[in-house]
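File shown here: final_21.txt, holding compact mmCIF, C-alpha atoms and all ligand atoms.
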```txt
# COMPACT_ATOMS: atom_id res chain seq x y z
CA MET K 521 -6.23 1.76 27.25
CA LEU K 522 -4.48 2.12 23.91
CA ILE K 523 -6.56 4.44 21.75
CA VAL K 524 -6.11 5.32 18.08
CA GLN K 525 -7.83 8.58 17.12
CA LYS K 526 -8.18 9.56 13.47
CA TYR K 527 -9.01 13.15 12.53
CA GLY K 528 -10.35 13.93 9.04
CA GLY K 529 -9.67 16.98 6.88
CA THR K 530 -12.26 19.32 8.41
CA SER K 531 -11.13 18.35 11.90
CA VAL K 532 -7.62 19.63 11.11
CA GLY K 533 -8.78 22.27 8.63
CA THR K 534 -7.41 25.36 10.45
CA LYS K 535 -4.82 26.30 13.08
CA GLU K 536 -7.59 26.48 15.66
CA ARG K 537 -8.94 23.08 14.71
CA ILE K 538 -5.45 21.53 15.00
CA MET K 539 -5.14 23.09 18.44
CA ALA K 540 -8.49 21.56 19.43
CA VAL K 541 -7.35 18.15 18.17
CA ALA K 542 -4.12 18.47 20.15
CA GLN K 543 -6.10 19.38 23.26
CA ARG K 544 -8.40 16.37 22.92
CA ALA K 545 -5.42 14.07 22.40
CA VAL K 546 -3.62 15.49 25.43
CA ASN K 547 -6.76 15.11 27.57
CA THR K 548 -7.07 11.48 26.48
CA LYS K 549 -3.43 10.91 27.33
CA ARG K 550 -3.75 12.59 30.75
CA GLU K 551 -6.66 10.31 31.56
CA GLY K 552 -4.04 7.56 31.58
CA ASN K 553 -4.29 6.21 28.04
CA SER K 554 -1.66 5.58 25.38
CA VAL K 555 -2.60 7.70 22.38
CA VAL K 556 -1.87 7.36 18.67
CA LEU K 557 -3.24 9.96 16.25
CA VAL K 558 -3.77 9.57 12.53
CA VAL K 559 -4.42 12.79 10.66
CA SER K 560 -5.68 13.65 7.18
CA ALA K 561 -4.51 16.55 5.09
CA MET K 562 -6.13 19.88 5.95
CA ALA K 563 -9.59 20.27 4.36
CA GLY K 564 -9.40 20.79 0.60
CA GLU K 565 -5.64 20.24 0.43
CA THR K 566 -5.72 16.89 -1.42
CA ASP K 567 -8.10 18.35 -4.03
CA ARG K 568 -5.87 21.40 -4.40
CA LEU K 569 -2.82 19.21 -5.00
CA ILE K 570 -4.70 17.10 -7.56
CA ARG K 571 -5.73 20.28 -9.40
CA MET K 572 -2.11 21.48 -9.51
CA ALA K 573 -1.01 18.10 -10.81
CA THR K 574 -3.54 18.12 -13.66
CA GLU K 575 -2.48 21.65 -14.59
CA MET K 576 1.02 20.27 -15.00
CA HIS K 577 0.03 17.12 -16.94
CA ASP K 578 -3.26 15.81 -18.40
CA ALA K 579 -2.70 12.38 -16.87
CA PRO K 580 -0.07 12.86 -14.15
CA PRO K 581 2.23 9.84 -13.60
CA GLU K 582 0.75 8.02 -10.62
CA ARG K 583 4.04 7.61 -8.80
CA GLU K 584 4.51 11.38 -8.83
CA LEU K 585 0.90 11.92 -7.78
CA ASP K 586 1.56 9.80 -4.70
CA MET K 587 4.71 11.80 -3.89
CA LEU K 588 2.66 14.96 -4.15
CA LEU K 589 -0.52 13.88 -2.36
CA SER K 590 1.26 12.28 0.59
CA SER K 591 2.71 15.69 1.41
CA GLY K 592 -0.69 17.00 2.59
CA GLU K 593 -0.85 14.55 5.48
CA ARG K 594 2.78 15.16 6.36
CA VAL K 595 2.05 18.84 6.92
CA SER K 596 -0.89 18.24 9.25
CA ALA K 597 0.96 15.52 11.19
CA ALA K 598 3.94 17.80 11.89
CA LEU K 599 1.69 20.74 12.83
CA THR K 600 -0.38 18.56 15.14
CA ALA K 601 2.74 17.23 16.87
CA MET K 602 3.91 20.83 17.38
CA ALA K 603 0.53 21.81 18.83
CA ILE K 604 0.71 18.90 21.28
CA GLU K 605 4.23 19.90 22.33
CA ALA K 606 2.99 23.45 22.84
CA LEU K 607 0.50 22.04 25.35
CA GLY K 608 3.39 20.52 27.29
CA GLN K 609 2.97 16.94 26.12
CA ARG K 610 5.65 15.12 24.13
CA ALA K 611 4.75 14.04 20.62
CA VAL K 612 6.41 12.74 17.46
CA SER K 613 5.06 12.90 13.91
CA LEU K 614 5.69 9.96 11.59
CA THR K 615 5.16 9.38 7.87
CA GLY K 616 3.74 6.13 6.52
CA ARG K 617 7.26 5.04 5.71
CA GLN K 618 8.53 5.75 9.22
CA VAL K 619 5.65 3.74 10.67
CA GLY K 620 6.41 0.89 8.27
CA ILE K 621 3.04 0.78 6.50
CA ILE K 622 4.06 -1.63 3.75
CA THR K 623 1.86 -1.71 0.66
CA ASP K 624 1.79 -3.17 -2.83
CA SER K 625 2.86 -0.87 -5.65
CA MET K 626 -0.58 0.03 -7.06
CA HIS K 627 -0.03 3.79 -6.95
CA THR K 628 -3.02 5.95 -5.87
CA LYS K 629 -4.92 2.89 -4.59
CA ALA K 630 -2.30 0.77 -2.87
CA LYS K 631 -3.28 -2.11 -0.59
CA ILE K 632 -1.71 -2.49 2.83
CA GLU K 633 0.25 -5.73 3.16
CA HIS K 634 1.75 -5.27 6.57
CA VAL K 635 2.14 -2.68 9.34
CA LYS K 636 5.37 -2.79 11.35
CA ALA K 637 4.70 0.09 13.76
CA GLU K 638 7.96 -0.38 15.68
CA ARG K 639 8.60 3.34 15.90
CA VAL K 640 5.06 3.86 17.14
CA GLN K 641 5.64 1.30 19.89
CA LEU K 642 8.90 3.02 20.87
CA ALA K 643 7.21 6.42 21.01
CA LEU K 644 4.39 5.06 23.19
CA LYS K 645 6.89 3.40 25.50
CA ALA K 646 8.63 6.75 25.90
CA GLY K 647 5.30 8.28 26.94
CA MET K 648 4.85 10.24 23.73
CA ILE K 649 1.82 10.73 21.53
CA ALA K 650 2.55 9.34 18.05
CA VAL K 651 1.03 11.42 15.26
CA ILE K 652 0.85 9.46 12.01
CA ALA K 653 0.38 11.00 8.57
CA GLY K 654 -2.63 9.12 7.18
CA PHE K 655 -3.40 7.93 3.64
CA GLN K 656 0.14 6.78 2.78
CA GLY K 657 2.45 3.82 2.78
CA VAL K 658 5.65 2.61 1.19
CA THR K 659 6.42 -0.31 -1.11
CA GLY K 660 8.05 -3.40 0.39
CA ASP K 661 11.53 -2.43 -0.78
CA TYR K 662 11.08 1.08 0.66
CA SER K 663 11.67 2.60 -2.76
CA ASP K 664 8.33 4.29 -3.47
CA VAL K 665 5.72 6.22 -1.55
CA THR K 666 2.15 5.05 -2.17
CA THR K 667 -1.30 6.34 -1.23
CA LEU K 668 -4.30 4.29 -0.17
CA GLY K 669 -7.15 5.78 -2.25
CA ARG K 670 -9.39 8.74 -1.39
CA GLY K 671 -10.48 8.73 2.22
CA GLY K 672 -7.54 6.43 2.94
CA SER K 673 -6.63 7.90 6.34
CA ASP K 674 -9.52 5.86 7.76
CA LEU K 675 -7.69 2.76 6.56
CA THR K 676 -4.40 3.94 8.09
CA ALA K 677 -6.16 4.32 11.44
CA VAL K 678 -7.83 0.91 11.35
CA ALA K 679 -4.68 -0.86 10.14
CA VAL K 680 -2.53 0.77 12.82
CA ALA K 681 -5.17 -0.05 15.46
CA ALA K 682 -5.15 -3.68 14.32
CA ALA K 683 -1.34 -3.87 14.33
CA LEU K 684 -1.10 -2.37 17.81
CA LYS K 685 -4.09 -4.39 19.05
CA ALA K 686 -5.59 -1.11 20.22
CA ASP K 687 -8.55 -1.17 22.58
CA LEU K 688 -10.41 1.40 20.51
CA CYS K 689 -10.19 3.15 17.15
CA GLU K 690 -12.06 6.46 17.07
CA ILE K 691 -12.79 8.13 13.72
CA TYR K 692 -13.34 11.84 14.34
CA THR K 693 -15.15 13.68 11.57
CA ASP K 694 -17.56 16.58 10.91
CA VAL K 695 -20.76 14.66 11.74
CA ASP K 696 -21.39 12.98 15.06
CA GLY K 697 -21.79 9.44 13.81
CA VAL K 698 -23.17 7.21 11.10
CA TYR K 699 -26.69 8.26 10.10
CA THR K 700 -29.53 6.52 8.29
CA ALA K 701 -28.62 8.69 5.27
CA ASP K 702 -26.19 11.52 4.56
CA PRO K 703 -27.32 14.12 7.14
CA ASN K 704 -26.20 16.87 4.77
CA VAL K 705 -28.81 15.71 2.25
CA VAL K 706 -31.61 14.20 4.33
CA LYS K 707 -32.38 16.67 7.10
CA ASN K 708 -34.22 14.27 9.41
CA ALA K 709 -31.67 11.47 9.07
CA ARG K 710 -31.21 9.67 12.38
CA LYS K 711 -27.92 8.87 14.08
CA LEU K 712 -27.40 5.15 14.67
CA ASP K 713 -26.00 4.06 18.05
CA ARG K 714 -24.65 0.88 16.51
CA ILE K 715 -24.25 -0.61 13.07
CA CYS K 716 -22.76 -3.97 12.07
CA TYR K 717 -19.66 -4.29 9.91
CA ASP K 718 -21.61 -5.81 6.99
CA GLU K 719 -24.11 -2.97 6.78
CA MET K 720 -21.41 -0.36 7.24
CA LEU K 721 -19.34 -1.98 4.51
CA GLU K 722 -22.28 -1.88 2.09
CA LEU K 723 -23.13 1.73 2.95
CA ALA K 724 -19.49 2.77 2.57
CA SER K 725 -18.97 0.96 -0.72
CA LEU K 726 -22.29 2.30 -2.02
CA GLY K 727 -21.24 5.90 -1.49
CA ALA K 728 -21.56 6.88 2.20
CA LYS K 729 -18.15 8.49 2.48
CA VAL K 730 -18.23 8.79 6.27
CA LEU K 731 -15.92 5.74 6.30
CA GLN K 732 -13.70 4.52 3.49
CA SER K 733 -15.00 1.09 2.49
CA ARG K 734 -11.62 -0.65 2.71
CA SER K 735 -11.21 0.55 6.26
CA VAL K 736 -14.48 -1.16 7.18
CA GLU K 737 -13.41 -4.35 5.46
CA PHE K 738 -10.17 -4.28 7.45
CA ALA K 739 -11.96 -3.48 10.72
CA SER K 740 -14.33 -6.38 10.17
CA LYS K 741 -11.53 -8.82 9.36
CA TYR K 742 -9.50 -7.94 12.46
CA GLU K 743 -12.53 -7.07 14.61
CA VAL K 744 -11.19 -3.62 15.39
CA PRO K 745 -13.60 -1.82 17.75
CA LEU K 746 -14.53 1.24 15.71
CA VAL K 747 -16.40 4.37 16.76
CA VAL K 748 -17.37 7.24 14.45
CA ARG K 749 -17.86 10.57 16.24
CA SER K 750 -17.51 14.31 15.90
CA SER K 751 -14.37 16.31 16.63
CA PHE K 752 -16.63 19.33 17.15
CA SER K 753 -18.53 17.96 20.15
CA THR K 754 -18.40 15.42 22.94
CA GLU K 755 -21.51 13.57 21.67
CA GLN K 756 -21.34 9.78 21.76
CA GLY K 757 -20.77 8.43 18.30
CA THR K 758 -21.75 5.29 16.41
CA LEU K 759 -20.19 1.94 17.29
CA VAL K 760 -19.37 -0.24 14.28
CA THR K 761 -19.42 -3.79 15.56
CA LYS K 762 -20.35 -7.44 15.05
CA GLU K 763 -23.93 -8.21 14.06
CA ASP K 764 -26.41 -9.20 16.76
CA THR K 765 -30.02 -10.39 16.70
CA ASP K 766 -31.48 -6.92 17.36
CA MET K 767 -30.01 -5.70 14.10
CA GLU K 768 -31.80 -8.37 12.06
CA ASN K 769 -35.15 -7.04 13.20
CA VAL K 770 -34.56 -3.82 11.33
CA LEU K 771 -35.46 -4.17 7.67
CA VAL K 772 -33.55 -1.22 6.23
CA SER K 773 -30.81 0.53 8.21
CA GLY K 774 -29.67 3.15 5.78
CA ILE K 775 -29.61 4.74 2.37
CA ALA K 776 -26.52 5.56 0.35
CA CYS K 777 -25.93 7.44 -2.87
CA ASP K 778 -23.01 7.23 -5.27
CA LYS K 779 -22.63 9.91 -7.94
CA ASN K 780 -19.16 8.89 -8.96
CA GLN K 781 -20.01 6.41 -11.68
CA VAL K 782 -20.77 6.65 -15.38
CA LYS K 783 -22.82 4.32 -17.56
CA LEU K 784 -21.45 2.95 -20.82
CA THR K 785 -23.70 1.25 -23.36
CA ALA K 786 -22.52 -0.78 -26.34
CA LEU K 787 -25.48 -0.63 -28.75
CA GLY K 788 -26.27 -3.29 -31.33
CA VAL K 789 -23.75 -5.90 -30.35
CA PRO K 790 -24.26 -9.22 -32.22
CA ASP K 791 -25.93 -11.52 -29.68
CA LYS K 792 -23.81 -14.65 -29.59
CA PRO K 793 -22.01 -16.61 -26.89
CA GLY K 794 -18.76 -15.11 -25.67
CA ILE K 795 -19.41 -11.47 -26.55
CA ALA K 796 -19.86 -10.27 -22.95
CA ALA K 797 -16.73 -12.14 -21.96
CA ILE K 798 -14.71 -10.32 -24.62
CA ILE K 799 -15.94 -6.86 -23.61
CA PHE K 800 -15.54 -7.32 -19.88
CA LYS K 801 -12.16 -9.00 -20.15
CA ALA K 802 -10.85 -6.03 -22.10
CA VAL K 803 -12.16 -3.62 -19.45
CA ALA K 804 -10.83 -5.74 -16.58
CA ASP K 805 -7.41 -5.95 -18.23
CA LYS K 806 -7.18 -2.16 -17.82
CA GLY K 807 -7.69 -2.61 -14.08
CA ILE K 808 -11.15 -1.01 -14.29
CA VAL K 809 -13.77 -2.29 -11.87
CA VAL K 810 -17.21 -2.77 -13.41
CA ASP K 811 -20.13 -2.42 -11.05
CA MET K 812 -23.63 -2.86 -12.47
CA ILE K 813 -24.36 -4.65 -15.74
CA ILE K 814 -27.54 -4.94 -17.77
CA GLN K 815 -28.17 -6.58 -21.15
CA ASN K 816 -31.22 -6.19 -23.40
CA VAL K 817 -31.72 -8.41 -26.42
CA SER K 818 -33.62 -7.18 -29.47
CA ALA K 819 -36.98 -8.82 -30.27
CA ASP K 820 -35.49 -10.91 -33.07
CA GLY K 821 -32.68 -12.05 -30.78
CA ARG K 822 -29.92 -10.95 -33.16
CA PHE K 823 -28.54 -7.96 -31.32
CA ALA K 824 -28.00 -6.92 -27.73
CA ASP K 825 -27.38 -3.64 -25.91
CA ILE K 826 -24.92 -4.09 -23.05
CA SER K 827 -24.76 -1.38 -20.38
CA PHE K 828 -22.43 -1.22 -17.42
CA THR K 829 -21.15 1.28 -14.90
CA VAL K 830 -17.54 2.15 -14.03
CA PRO K 831 -15.99 4.74 -11.70
CA LYS K 832 -15.98 8.28 -13.14
CA THR K 833 -12.21 8.44 -12.70
CA ASP K 834 -11.84 5.53 -15.17
CA SER K 835 -14.45 6.78 -17.66
CA ARG K 836 -12.00 7.94 -20.30
CA SER K 837 -10.04 4.73 -20.57
CA ALA K 838 -13.20 2.61 -20.18
CA LEU K 839 -14.84 4.42 -23.10
CA GLU K 840 -11.76 4.06 -25.25
CA ILE K 841 -11.33 0.35 -24.69
CA THR K 842 -15.06 -0.40 -25.02
CA LYS K 843 -15.20 1.52 -28.29
CA SER K 844 -12.31 -0.38 -29.76
CA VAL K 845 -13.70 -3.78 -28.69
CA ALA K 846 -17.22 -2.87 -29.82
CA ASP K 847 -15.86 -1.83 -33.23
CA SER K 848 -14.08 -5.11 -33.68
CA LEU K 849 -17.27 -7.00 -32.77
CA GLY K 850 -19.31 -5.05 -35.31
CA ALA K 851 -21.43 -3.21 -32.73
CA ARG K 852 -23.38 -0.11 -33.79
CA THR K 853 -21.88 2.40 -31.34
CA VAL K 854 -20.92 3.06 -27.72
CA ILE K 855 -22.50 5.84 -25.68
CA MET K 856 -21.56 7.23 -22.29
CA LYS K 857 -23.93 8.81 -19.76
CA ASP K 858 -22.28 10.58 -16.86
CA ASP K 859 -25.18 12.27 -15.06
CA ILE K 860 -26.31 9.21 -13.16
CA ALA K 861 -26.65 8.32 -9.49
CA LYS K 862 -26.80 4.95 -7.80
CA ILE K 863 -29.22 4.93 -4.89
CA SER K 864 -29.13 1.99 -2.50
CA ILE K 865 -31.03 0.74 0.51
CA VAL K 866 -29.05 -1.41 2.95
CA GLY K 867 -30.10 -3.68 5.80
CA VAL K 868 -29.24 -7.12 7.15
CA GLY K 869 -32.97 -7.57 7.82
CA MET K 870 -33.54 -7.92 4.07
CA ARG K 871 -32.05 -11.42 4.30
CA THR K 872 -35.18 -12.63 6.02
CA HIS K 873 -37.88 -10.17 4.94
CA SER K 874 -39.38 -9.71 1.49
CA GLY K 875 -41.02 -6.72 -0.15
CA SER K 876 -38.27 -4.12 0.12
CA ALA K 877 -37.52 -4.11 -3.60
CA ALA K 878 -41.18 -3.60 -4.50
CA LYS K 879 -41.42 -0.75 -2.02
CA MET K 880 -38.27 0.88 -3.36
CA PHE K 881 -39.44 0.69 -6.98
CA GLN K 882 -42.92 1.95 -6.05
CA THR K 883 -41.46 4.93 -4.19
CA LEU K 884 -39.30 5.89 -7.16
CA SER K 885 -42.22 5.45 -9.53
CA ASP K 886 -44.52 7.57 -7.33
CA ASN K 887 -41.98 10.35 -7.79
CA ASN K 888 -41.72 9.83 -11.55
CA ILE K 889 -38.13 8.68 -11.25
CA ASN K 890 -37.16 6.25 -13.97
CA ILE K 891 -34.94 3.30 -13.03
CA LEU K 892 -32.07 2.73 -15.46
CA MET K 893 -30.45 -0.27 -13.82
CA ILE K 894 -31.10 -2.52 -10.83
CA GLY K 895 -28.72 -4.57 -8.72
CA THR K 896 -29.31 -6.60 -5.59
CA SER K 897 -27.47 -8.65 -3.02
CA GLU K 898 -28.61 -10.31 0.20
CA ILE K 899 -28.52 -7.08 2.15
CA LYS K 900 -28.87 -4.30 -0.40
CA ILE K 901 -30.87 -3.12 -3.40
CA SER K 902 -29.40 -0.52 -5.75
CA CYS K 903 -31.05 1.46 -8.53
CA VAL K 904 -29.28 3.65 -11.05
CA ILE K 905 -31.33 6.77 -11.81
CA GLU K 906 -30.84 10.16 -13.48
CA GLY K 907 -28.35 12.19 -11.44
CA LYS K 908 -30.70 15.15 -11.04
CA TYR K 909 -33.13 13.05 -8.97
CA SER K 910 -30.54 11.79 -6.49
CA GLU K 911 -31.44 14.02 -3.55
CA LEU K 912 -35.18 13.65 -4.08
CA ALA K 913 -34.81 9.86 -4.22
CA GLN K 914 -32.76 9.77 -1.01
CA ARG K 915 -35.33 11.84 0.86
CA GLU K 916 -38.35 9.96 -0.46
CA LEU K 917 -36.87 6.52 0.23
CA HIS K 918 -35.84 7.65 3.69
CA GLU K 919 -39.45 8.66 4.29
CA ALA K 920 -40.95 5.52 2.72
CA PHE K 921 -38.85 3.21 4.88
CA GLU K 922 -39.58 5.35 7.95
CA LEU K 923 -35.94 5.86 8.84
CA GLY K 924 -36.33 9.37 10.24
CA LYS K 925 -36.33 10.64 13.77
CA THR K 926 -39.20 9.35 15.84
CA ALA K 927 -39.53 12.44 18.01
P1 LIG G 1 -13.43 13.31 6.94
O1 LIG G 1 -12.79 14.44 6.21
O2 LIG G 1 -13.53 13.55 8.41
O3 LIG G 1 -12.83 11.98 6.60
P2 LIG G 1 -15.62 12.83 5.12
O4 LIG G 1 -16.05 14.06 4.38
O5 LIG G 1 -14.77 11.85 4.42
O6 LIG G 1 -14.95 13.30 6.48
O7 LIG G 1 -16.92 12.06 5.67
C1 LIG G 1 -17.89 12.74 6.43
C2 LIG G 1 -19.09 13.08 5.55
O8 LIG G 1 -19.75 11.87 5.16
C3 LIG G 1 -20.19 13.85 6.25
O9 LIG G 1 -19.95 15.24 6.23
C4 LIG G 1 -21.43 13.45 5.47
O10 LIG G 1 -21.85 14.45 4.55
C5 LIG G 1 -21.03 12.23 4.69
N1 LIG G 1 -21.94 11.10 4.85
C6 LIG G 1 -22.46 10.38 3.83
N2 LIG G 1 -23.28 9.43 4.27
C7 LIG G 1 -23.29 9.51 5.62
C8 LIG G 1 -23.96 8.77 6.65
N3 LIG G 1 -24.76 7.75 6.38
N4 LIG G 1 -23.73 9.14 7.95
C9 LIG G 1 -22.90 10.16 8.24
N5 LIG G 1 -22.25 10.90 7.29
C10 LIG G 1 -22.43 10.58 6.00
N1 LIG G 2 -6.54 13.43 2.28
C1 LIG G 2 -7.00 12.22 1.62
C2 LIG G 2 -8.26 12.50 0.84
O1 LIG G 2 -8.73 13.65 0.80
C3 LIG G 2 -7.18 11.09 2.59
C4 LIG G 2 -8.22 11.30 3.68
O2 LIG G 2 -8.70 12.41 3.87
O3 LIG G 2 -8.56 10.31 4.35
O4 LIG G 2 -8.79 11.62 0.21
MG MG G 3 -13.08 10.70 4.97
```

Kindly return the structure encoded in the file as structure tokens.
Amino acid sequence: MLIVQKYGGTSVGTKERIMAVAQRAVNTKREGNSVVLVVSAMAGETDRLIRMATEMHDAPPERELDMLLSSGERVSAALTAMAIEALGQRAVSLTGRQVGIITDSMHTKAKIEHVKAERVQLALKAGMIAVIAGFQGVTGDYSDVTTLGRGGSDLTAVAVAAALKADLCEIYTDVDGVYTADPNVVKNARKLDRICYDEMLELASLGAKVLQSRSVEFASKYEVPLVVRSSFSTEQGTLVTKEDTDMENVLVSGIACDKNQVKLTALGVPDKPGIAAIIFKAVADKGIVVDMIIQNVSADGRFADISFTVPKTDSRSALEITKSVADSLGARTVIMKDDIAKISIVGVGMRTHSGSAAKMFQTLSDNNINILMIGTSEIKISCVIEGKYSELAQRELHEAFELGKTA
């Protein structure tokens, strides 16, 4: 079998952990498999580099950020290759550029356009373990290093697995699979044996950081067989796979929470056709992705309050641009609220069952949690609430939808 194994930051967080990763890779190889590793930067390293960058410059140039951040993965790849060699197995570390992970030029959140992987193929042919530095790519003309967004090593692993037509892509992390909720928040969260791509994609994009959402999108598109498991144990993990009929019988599969958004409200905007279009075009032109939107019209129908959420990382520029547009439209003011959380329930069963929204709202109301915004799709319901209630809401919803361990 050809197996791609990705190890996250905690899994390569110390010398000992890197040794353990090397040992697992060597064992997999000695069982007769071809092995490709993708490694993240050592735990905390990417955050440390970002802190250094912001000490140097309030808004560091994104090209330079990518140069800096990609170094974290380069360190762990080289160290892992050395550890494998120390165990008597040949290995070669490769950067994103050496692998030929070609991306667009959107620094800090580049999209993969193509994976060449010729050097990986050569290494495998020579009986070596290829150790790839995750999270990074290079622009088509090979002139600039790019990174793939936070958590992007997951995407490197899935994209390389797709390019090599690997038999399996294993994501090794610090929990032993995908749970019904973040097991570090909800103590009786239950590990799922299987989850379908659609549900996993919703959970990931709604805040469950166990997999980067773009990696799930990619896995689904190329049907990469994906398993999430722990690098600290030999427990079986969670298989992320195509949907089957069993899955539809489950109403809600999981709960996710996203605390990385802020809410902007333009108060007292004249209520006439075209106003929303003007505001959201201005925000979109800055490359800022708007998530939830709500509009309230005053009783006399003359004014509206328009609220929307954007990623925390874009809050400064979103506030600036909204203020300037709101001013020109004659709005009263713009306010920003940053202590919010978006709580979501996810399940393909919601397509065919009703009542989940009512149950979600009732549960929040029973706990005196006010809902600030609501959003729904076929397979998810999201509520924005005060940030301080996020953990309580996750636990109570988990209980209400009976997602916990049965034993
Ligand atoms: P890595 O560094 O290995 O990429 P991450 O920190 O990115 O690991 O992701 C693993 C973390 O995801 C877990 O420690 C856990 O707190 C969090 N998490 C959030 N939601 C879930 C979930 N539904 N199932 C499992 N883990 C989850
Ligand atoms: N090191 C990067 C991050 O912390 C990428 C990754 O871990 O997947 O976001
Ligand atoms: Mg991660």

Which of these, K:Ile855, K:Met893, K:Leu849, K:Val747, has the shortest distance to Asn816 of chain K once you count all atoms listed in the file? K:Met893

Please indicate the distance in Å from atom CA of Ala650 of chain K to atom CA of Val612 of chain K, rounded to one decimal place. 5.2 Å

Among K:Ser751, K:Ser733, K:Thr829, K:Gln756, ligand LIG 2 (chain G) is approached most closely, using only C-alpha atoms and all ligand atoms, by K:Ser733

Could you check the closest approach to ligand LIG 2 (chain G) for each of K:Ala878, K:Met521, K:Ala653, K:Ala804 and tell me which residue wins, using all atoms listed in the file?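 Going through K:Ala878, K:Met521, K:Ala653, K:Ala804 one by one, the smallest distance to ligand LIG 2 (chain G) is for K:Ala653.
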
Which of K:Leu731, K:Val665, K:Ala601, K:Ile621 sits closest to Val559 of chain K [using only C-alpha atoms]: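 Selected residue with least distance to Val559 of chain K: K:Ala601.
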
Atomic distance atom CA of Gln815 of chain K - atom CA of Asp858 of chain K, expressed in Å with one decimal: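 Calculated distance between atom CA of Gln815 of chain K and atom CA of Asp858 of chain K is 18.6 Å.
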